[in-house]
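Quick look at my_file.tsv (TSV, C-alpha atoms):
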```
chain	number	residue	atom	x	y	z
Q	1	MET	CA	12.72	24.89	24.96
Q	2	ILE	CA	9.40	24.30	23.15
Q	3	GLN	CA	11.11	24.89	19.79
Q	4	VAL	CA	13.82	22.34	20.62
Q	5	LEU	CA	11.22	19.75	21.66
Q	6	SER	CA	9.12	20.33	18.55
Q	7	ARG	CA	12.25	19.98	16.38
Q	8	LEU	CA	13.15	16.71	18.11
Q	9	PHE	CA	9.58	15.47	17.67
Q	10	ARG	CA	9.63	16.36	13.98
Q	11	ASN	CA	12.98	14.65	13.46
Q	12	SER	CA	11.76	11.46	15.14
Q	13	THR	CA	9.07	11.03	12.49
Q	14	GLN	CA	10.11	8.95	9.49
Q	15	GLU	CA	8.28	9.49	6.21
Q	16	ILE	CA	7.18	6.54	4.11
Q	17	ARG	CA	5.93	7.25	0.61
Q	18	VAL	CA	3.05	4.88	-0.19
Q	19	GLY	CA	1.27	4.24	-3.50
Q	20	MET	CA	-2.37	3.15	-3.15
Q	21	LEU	CA	-3.38	1.35	-6.32
Q	22	GLY	CA	-5.96	-1.07	-7.68
Q	23	LEU	CA	-8.76	-1.31	-10.21
Q	24	ASP	CA	-11.56	1.25	-10.28
Q	25	ASN	CA	-14.35	0.73	-7.73
Q	26	ALA	CA	-12.11	-1.35	-5.44
Q	27	GLY	CA	-12.52	1.16	-2.60
Q	28	LYS	CA	-9.15	2.94	-2.59
Q	29	THR	CA	-10.44	6.42	-1.84
Q	30	THR	CA	-12.88	5.12	0.77
Q	31	LEU	CA	-9.94	3.40	2.48
Q	32	LEU	CA	-7.88	6.58	2.34
Q	33	TYR	CA	-10.61	8.68	3.95
Q	34	GLN	CA	-11.21	5.98	6.55
Q	35	LEU	CA	-7.52	6.22	7.47
Q	36	ILE	CA	-7.57	10.00	7.85
Q	37	GLY	CA	-10.81	9.81	9.83
Q	38	ASN	CA	-12.77	11.95	7.39
Q	39	LEU	CA	-15.03	9.41	5.69
Q	40	GLN	CA	-18.32	10.89	6.94
Q	41	ASN	CA	-17.57	14.30	5.40
Q	42	GLN	CA	-16.76	13.00	1.94
Q	43	GLU	CA	-18.96	12.56	-1.08
Q	44	LEU	CA	-17.04	9.75	-2.75
Q	45	GLN	CA	-16.70	9.69	-6.50
Q	46	PRO	CA	-14.37	7.82	-8.86
Q	47	THR	CA	-10.89	9.32	-8.58
Q	48	SER	CA	-9.70	11.24	-11.59
Q	49	GLY	CA	-5.94	11.64	-11.30
Q	50	PHE	CA	-4.90	11.18	-7.67
Q	51	ASN	CA	-5.53	12.13	-4.05
Q	52	LEU	CA	-2.65	12.81	-1.67
Q	53	GLU	CA	-2.97	12.56	2.11
Q	54	THR	CA	-0.50	12.22	4.96
Q	55	ILE	CA	-1.30	9.89	7.84
Q	56	ARG	CA	0.55	9.77	11.13
Q	57	TYR	CA	0.98	6.20	12.44
Q	58	LYS	CA	3.22	5.65	15.47
Q	59	GLN	CA	6.58	7.25	14.62
Q	60	TYR	CA	5.85	7.21	10.89
Q	61	SER	CA	4.37	9.75	8.55
Q	62	LEU	CA	2.76	7.91	5.63
Q	63	LYS	CA	2.41	10.01	2.50
Q	64	ILE	CA	-0.25	8.12	0.55
Q	65	TRP	CA	-0.86	8.66	-3.15
Q	66	ASP	CA	-4.31	7.31	-4.07
Q	67	VAL	CA	-4.09	6.87	-7.84
Q	68	GLY	CA	-7.27	6.53	-9.90
Q	69	GLY	CA	-7.65	3.21	-11.72
Q	70	GLY	CA	-10.71	3.90	-13.86
Q	71	ASN	CA	-9.21	4.09	-17.32
Q	72	PRO	CA	-6.88	1.20	-18.25
Q	73	LYS	CA	-4.82	3.59	-20.40
Q	74	ASN	CA	-4.15	5.75	-17.33
Q	75	ARG	CA	-2.63	2.84	-15.42
Q	76	VAL	CA	0.60	3.21	-17.35
Q	77	LEU	CA	0.96	6.53	-15.49
Q	78	TRP	CA	1.27	4.61	-12.21
Q	79	ARG	CA	5.02	4.36	-12.64
Q	80	HIS	CA	5.28	8.17	-12.51
Q	81	TYR	CA	3.73	8.19	-9.04
Q	82	ASN	CA	5.91	5.29	-7.91
Q	83	GLU	CA	9.38	6.71	-8.17
Q	84	LYS	CA	12.33	5.13	-6.39
Q	85	THR	CA	11.24	6.97	-3.25
Q	86	THR	CA	8.10	4.81	-2.98
Q	87	LYS	CA	8.78	2.24	-0.29
Q	88	ALA	CA	5.33	0.67	0.05
Q	89	ILE	CA	2.35	-0.23	-2.11
Q	90	ILE	CA	-1.20	-0.69	-0.87
Q	91	PHE	CA	-3.03	-2.65	-3.54
Q	92	VAL	CA	-6.81	-2.75	-3.07
Q	93	ILE	CA	-8.89	-5.61	-4.44
Q	94	ASP	CA	-12.68	-5.75	-4.50
Q	95	GLY	CA	-13.18	-9.08	-2.70
Q	96	ALA	CA	-16.74	-9.36	-4.03
Q	97	ASP	CA	-15.81	-8.88	-7.69
Q	98	ILE	CA	-14.38	-12.27	-8.60
Q	99	GLN	CA	-14.88	-11.74	-12.33
Q	100	ARG	CA	-12.36	-8.87	-12.38
Q	101	LEU	CA	-9.77	-10.64	-10.21
Q	102	PRO	CA	-7.66	-11.70	-13.25
Q	103	TYR	CA	-7.42	-8.02	-14.28
Q	104	ALA	CA	-6.40	-7.03	-10.75
Q	105	ALA	CA	-3.84	-9.85	-10.74
Q	106	ASN	CA	-2.35	-8.57	-14.03
Q	107	GLU	CA	-1.99	-5.06	-12.62
Q	108	LEU	CA	-0.40	-6.39	-9.44
Q	109	GLN	CA	2.04	-8.57	-11.40
Q	110	TRP	CA	2.98	-5.53	-13.48
Q	111	LEU	CA	3.79	-3.65	-10.26
Q	112	TRP	CA	5.86	-6.54	-8.83
Q	113	TRP	CA	8.36	-6.23	-11.65
Q	114	ARG	CA	8.67	-2.44	-11.85
Q	115	PRO	CA	12.36	-1.61	-11.24
Q	116	GLU	CA	11.41	1.56	-9.36
Q	117	LEU	CA	9.49	-0.60	-6.85
Q	118	SER	CA	12.20	-3.18	-6.28
Q	119	GLN	CA	12.56	-2.17	-2.62
Q	120	ALA	CA	8.85	-1.71	-1.92
Q	121	VAL	CA	6.75	-3.82	0.44
Q	122	PHE	CA	3.22	-4.76	-0.63
Q	123	LEU	CA	0.01	-4.78	1.40
Q	124	ILE	CA	-2.99	-6.25	-0.40
Q	125	PHE	CA	-6.34	-5.20	1.04
Q	126	VAL	CA	-9.23	-7.53	0.17
Q	127	ASN	CA	-11.99	-4.97	0.53
Q	128	LYS	CA	-15.80	-5.15	0.79
Q	129	GLN	CA	-15.90	-7.95	3.34
Q	130	ASP	CA	-19.07	-6.29	4.69
Q	131	LEU	CA	-21.07	-7.61	1.74
Q	132	GLY	CA	-21.09	-10.98	3.50
Q	133	SER	CA	-21.46	-12.85	0.24
Q	134	SER	CA	-20.40	-16.48	0.20
Q	135	SER	CA	-18.45	-15.59	-2.94
Q	136	THR	CA	-16.46	-12.79	-1.22
Q	137	LEU	CA	-12.81	-13.77	-1.37
Q	138	LYS	CA	-10.74	-14.20	1.79
Q	139	GLN	CA	-7.02	-13.75	2.55
Q	140	GLN	CA	-5.95	-17.32	1.91
Q	141	GLU	CA	-7.88	-17.56	-1.36
Q	142	ILE	CA	-6.38	-14.30	-2.63
Q	143	ALA	CA	-2.84	-15.42	-1.74
Q	144	GLU	CA	-3.37	-18.65	-3.71
Q	145	LEU	CA	-5.18	-17.09	-6.68
Q	146	LEU	CA	-2.52	-14.41	-7.07
Q	147	ASP	CA	0.26	-16.97	-6.56
Q	148	LEU	CA	1.90	-14.69	-4.01
Q	149	ARG	CA	4.27	-17.30	-2.62
Q	150	ASN	CA	6.28	-17.18	-5.84
Q	151	VAL	CA	7.12	-13.51	-5.36
Q	152	SER	CA	8.27	-13.85	-1.74
Q	153	ILE	CA	11.91	-13.80	-2.74
Q	154	TYR	CA	11.45	-10.41	-4.43
Q	155	HIS	CA	9.02	-8.58	-2.15
Q	156	SER	CA	7.66	-8.72	1.35
Q	157	TRP	CA	3.88	-8.88	1.19
Q	158	ALA	CA	0.81	-9.33	3.37
Q	159	VAL	CA	-2.88	-9.78	2.69
Q	160	GLN	CA	-5.56	-8.23	4.91
Q	161	GLU	CA	-9.32	-8.58	4.69
Q	162	CYS	CA	-11.07	-5.28	5.33
Q	163	CYS	CA	-14.15	-3.16	5.01
Q	164	ALA	CA	-13.31	0.40	4.03
Q	165	LEU	CA	-16.75	1.67	5.06
Q	166	THR	CA	-16.63	0.40	8.65
Q	167	GLY	CA	-12.85	0.43	9.11
Q	168	GLU	CA	-12.76	-3.26	10.03
Q	169	GLY	CA	-9.29	-4.67	9.29
Q	170	VAL	CA	-7.94	-1.35	8.00
Q	171	TRP	CA	-5.64	-0.50	10.91
Q	172	GLN	CA	-4.51	-4.12	11.21
Q	173	GLY	CA	-3.42	-3.89	7.59
Q	174	LEU	CA	-1.56	-0.65	8.19
Q	175	GLN	CA	0.23	-2.27	11.12
Q	176	LYS	CA	1.34	-5.13	8.83
Q	177	LEU	CA	2.58	-2.61	6.27
Q	178	VAL	CA	4.67	-0.69	8.80
Q	179	GLN	CA	6.04	-3.92	10.29
Q	180	MET	CA	7.15	-5.15	6.85
Q	181	TYR	CA	8.73	-1.78	6.16
Q	182	LYS	CA	10.63	-1.84	9.47
Q	183	GLU	CA	11.90	-5.37	8.80
Q	184	ARG	CA	12.97	-4.40	5.28
Q	185	GLU	CA	14.83	-1.33	6.54
Q	186	THR	CA	16.57	-3.39	9.25
Q	187	LYS	CA	17.71	-5.95	6.67
Q	188	SER	CA	18.98	-3.16	4.39
Q	189	ARG	CA	20.96	-1.56	7.22
Q	190	LEU	CA	22.49	-4.91	8.21
Q	191	TYR	CA	23.41	-5.61	4.60
Q	192	LEU	CA	25.06	-2.20	4.26
Q	193	LYS	CA	26.93	-2.67	7.53
Q	194	LYS	CA	28.25	-6.06	6.38
Q	195	THR	CA	29.31	-4.56	3.06
Q	196	VAL	CA	31.15	-1.67	4.75
Q	197	ASP	CA	32.77	-3.98	7.33
Q	198	PHE	CA	33.91	-6.33	4.58
```

Write the structure described by the file as structure tokens, please.
Amino acid sequence: MIQVLSRLFRNSTQEIRVGMLGLDNAGKTTLLYQLIGNLQNQELQPTSGFNLETIRYKQYSLKIWDVGGGNPKNRVLWRHYNEKTTKAIIFVIDGADIQRLPYAANELQWLWWRPELSQAVFLIFVNKQDLGSSSTLKQQEIAELLDLRNVSIYHSWAVQECCALTGEGVWQGLQKLVQMYKERETKSRLYLKKTVDF
């Protein structure tokens, strides 16, 4: 009986492959360890290569690939982590580093148009809100500066202010990501049903 229940429980969990990307020093790895609840035990250093962690959220199992963004030449390797199985992207922006926002915007635009990410939903975390600087960018400003409204017809997206160190806004962002994914999957199923019925 226990084996049957555990099998049913396992089968009820849906895996979502997630790429966590952004420029170096944006706080990607800090966010990842905040999500797995292991931030206090980590000595954080710039990511060389990638980190891989699985997070359970409601009925979903999120397999998150935290890809290092330190060397611009390495960013071309992002596409190898984001195969057609990647259904969501978490893009982390340092909200206090306005000078590098154009570089972050370029990387994000590059991701928008990757054919292997055509079905992916995008969550943009505006990190480091704890710095409290008057120059720290907010959700609305990021949406306008990145011209996100023009990509709405291609991708579902959401912006969430957060602080990776304290966890503020992190789970709200994850909830937005899962909600977008669910809506995208529902639309895909309805489209397939209409196609088959036709």

Excluding same-chain residues fewer than 5 positions from Val67 of chain Q, what lies within 7 Å of it counting only C-alpha atoms, as a PyMOL selection string? chain Q and resi 20-21+49-51

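Atom pair atom CA of Thr186 of chain Q / atom CA of Gln119 of chain Q: separated by 12.6 Å.
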
Spatial neighbours of Thr54 of chain Q, 10 Å, all atoms listed in the file, chain gap at least 2 places, as number ranges by chain: Q: 15-18, 32, 35-36, 52, 56-57, 61-65

Quick one: everything within 10 Å of Lys176 of chain Q, counting all atoms listed in the file, minus sequence neighbours fewer than 2 positions away in the same chain. Send it as an MDAnalysis selection string. chainID Q and resid 122:123 157:160 171:174 178:182

What does the structure give for the distance between atom CA of Glu116 of chain Q and atom CA of Ala143 of chain Q, in Å to one decimal?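 Computing the Euclidean distance for atom CA of Glu116 of chain Q and atom CA of Ala143 of chain Q yields 23.4 Å.
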
Can you work out which one of Q:Asp66, Q:Glu53, Q:Asp130, Q:Asp97 has the shortest atom-to-atom distance to Gly169 of chain Q, counting only C-alpha atoms? Q:Asp130

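What separates atom CA of Ile55 of chain Q from atom CA of Gly95 of chain Q is a distance of 24.7 Å.
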
Which polymer residues have any atom within 12 Å of an atom of Cys162 of chain Q, counting all atoms listed in the file, with same-chain residues fewer than 2 positions away left out, as an mmCIF file with C-alpha atoms, in the frame of the given file?
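So the final result, stored in out_21.cif, reads:
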```
data_model
loop_
_atom_site.group_PDB
_atom_site.id
_atom_site.type_symbol
_atom_site.label_atom_id
_atom_site.label_comp_id
_atom_site.auth_asym_id
_atom_site.auth_seq_id
_atom_site.Cartn_x
_atom_site.Cartn_y
_atom_site.Cartn_z
ATOM 1 C CA ALA Q 26 -12.110 -1.350 -5.440
ATOM 2 C CA GLY Q 27 -12.520 1.160 -2.600
ATOM 3 C CA LYS Q 28 -9.150 2.940 -2.590
ATOM 4 C CA THR Q 30 -12.880 5.120 0.770
ATOM 5 C CA LEU Q 31 -9.940 3.400 2.480
ATOM 6 C CA GLN Q 34 -11.210 5.980 6.550
ATOM 7 C CA VAL Q 92 -6.810 -2.750 -3.070
ATOM 8 C CA ILE Q 93 -8.890 -5.610 -4.440
ATOM 9 C CA ASP Q 94 -12.680 -5.750 -4.500
ATOM 10 C CA GLY Q 95 -13.180 -9.080 -2.700
ATOM 11 C CA ALA Q 96 -16.740 -9.360 -4.030
ATOM 12 C CA LEU Q 123 0.010 -4.780 1.400
ATOM 13 C CA ILE Q 124 -2.990 -6.250 -0.400
ATOM 14 C CA PHE Q 125 -6.340 -5.200 1.040
ATOM 15 C CA VAL Q 126 -9.230 -7.530 0.170
ATOM 16 C CA ASN Q 127 -11.990 -4.970 0.530
ATOM 17 C CA LYS Q 128 -15.800 -5.150 0.790
ATOM 18 C CA GLN Q 129 -15.900 -7.950 3.340
ATOM 19 C CA ASP Q 130 -19.070 -6.290 4.690
ATOM 20 C CA LEU Q 131 -21.070 -7.610 1.740
ATOM 21 C CA GLY Q 132 -21.090 -10.980 3.500
ATOM 22 C CA THR Q 136 -16.460 -12.790 -1.220
ATOM 23 C CA LEU Q 137 -12.810 -13.770 -1.370
ATOM 24 C CA LYS Q 138 -10.740 -14.200 1.790
ATOM 25 C CA GLN Q 139 -7.020 -13.750 2.550
ATOM 26 C CA VAL Q 159 -2.880 -9.780 2.690
ATOM 27 C CA GLN Q 160 -5.560 -8.230 4.910
ATOM 28 C CA ALA Q 164 -13.310 0.400 4.030
ATOM 29 C CA LEU Q 165 -16.750 1.670 5.060
ATOM 30 C CA THR Q 166 -16.630 0.400 8.650
ATOM 31 C CA GLY Q 167 -12.850 0.430 9.110
ATOM 32 C CA GLU Q 168 -12.760 -3.260 10.030
ATOM 33 C CA GLY Q 169 -9.290 -4.670 9.290
ATOM 34 C CA VAL Q 170 -7.940 -1.350 8.000
ATOM 35 C CA TRP Q 171 -5.640 -0.500 10.910
ATOM 36 C CA GLN Q 172 -4.510 -4.120 11.210
ATOM 37 C CA GLY Q 173 -3.420 -3.890 7.590
ATOM 38 C CA LEU Q 174 -1.560 -0.650 8.190
#
```

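The residue that comes closest to Gly19 of chain Q, out of Q:Tyr33, Q:Ile89, Q:Asn38, Q:Tyr60 and on the basis of all atoms listed in the file, is Q:Ile89.
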
Counting only C-alpha atoms, figure out which residue out of Q:Glu107, Q:Lys187, Q:Phe91, Q:Glu161 gets nearest to Gln140 of chain Q.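 The shortest atom-to-atom distance to Gln140 of chain Q comes from Q:Glu161.
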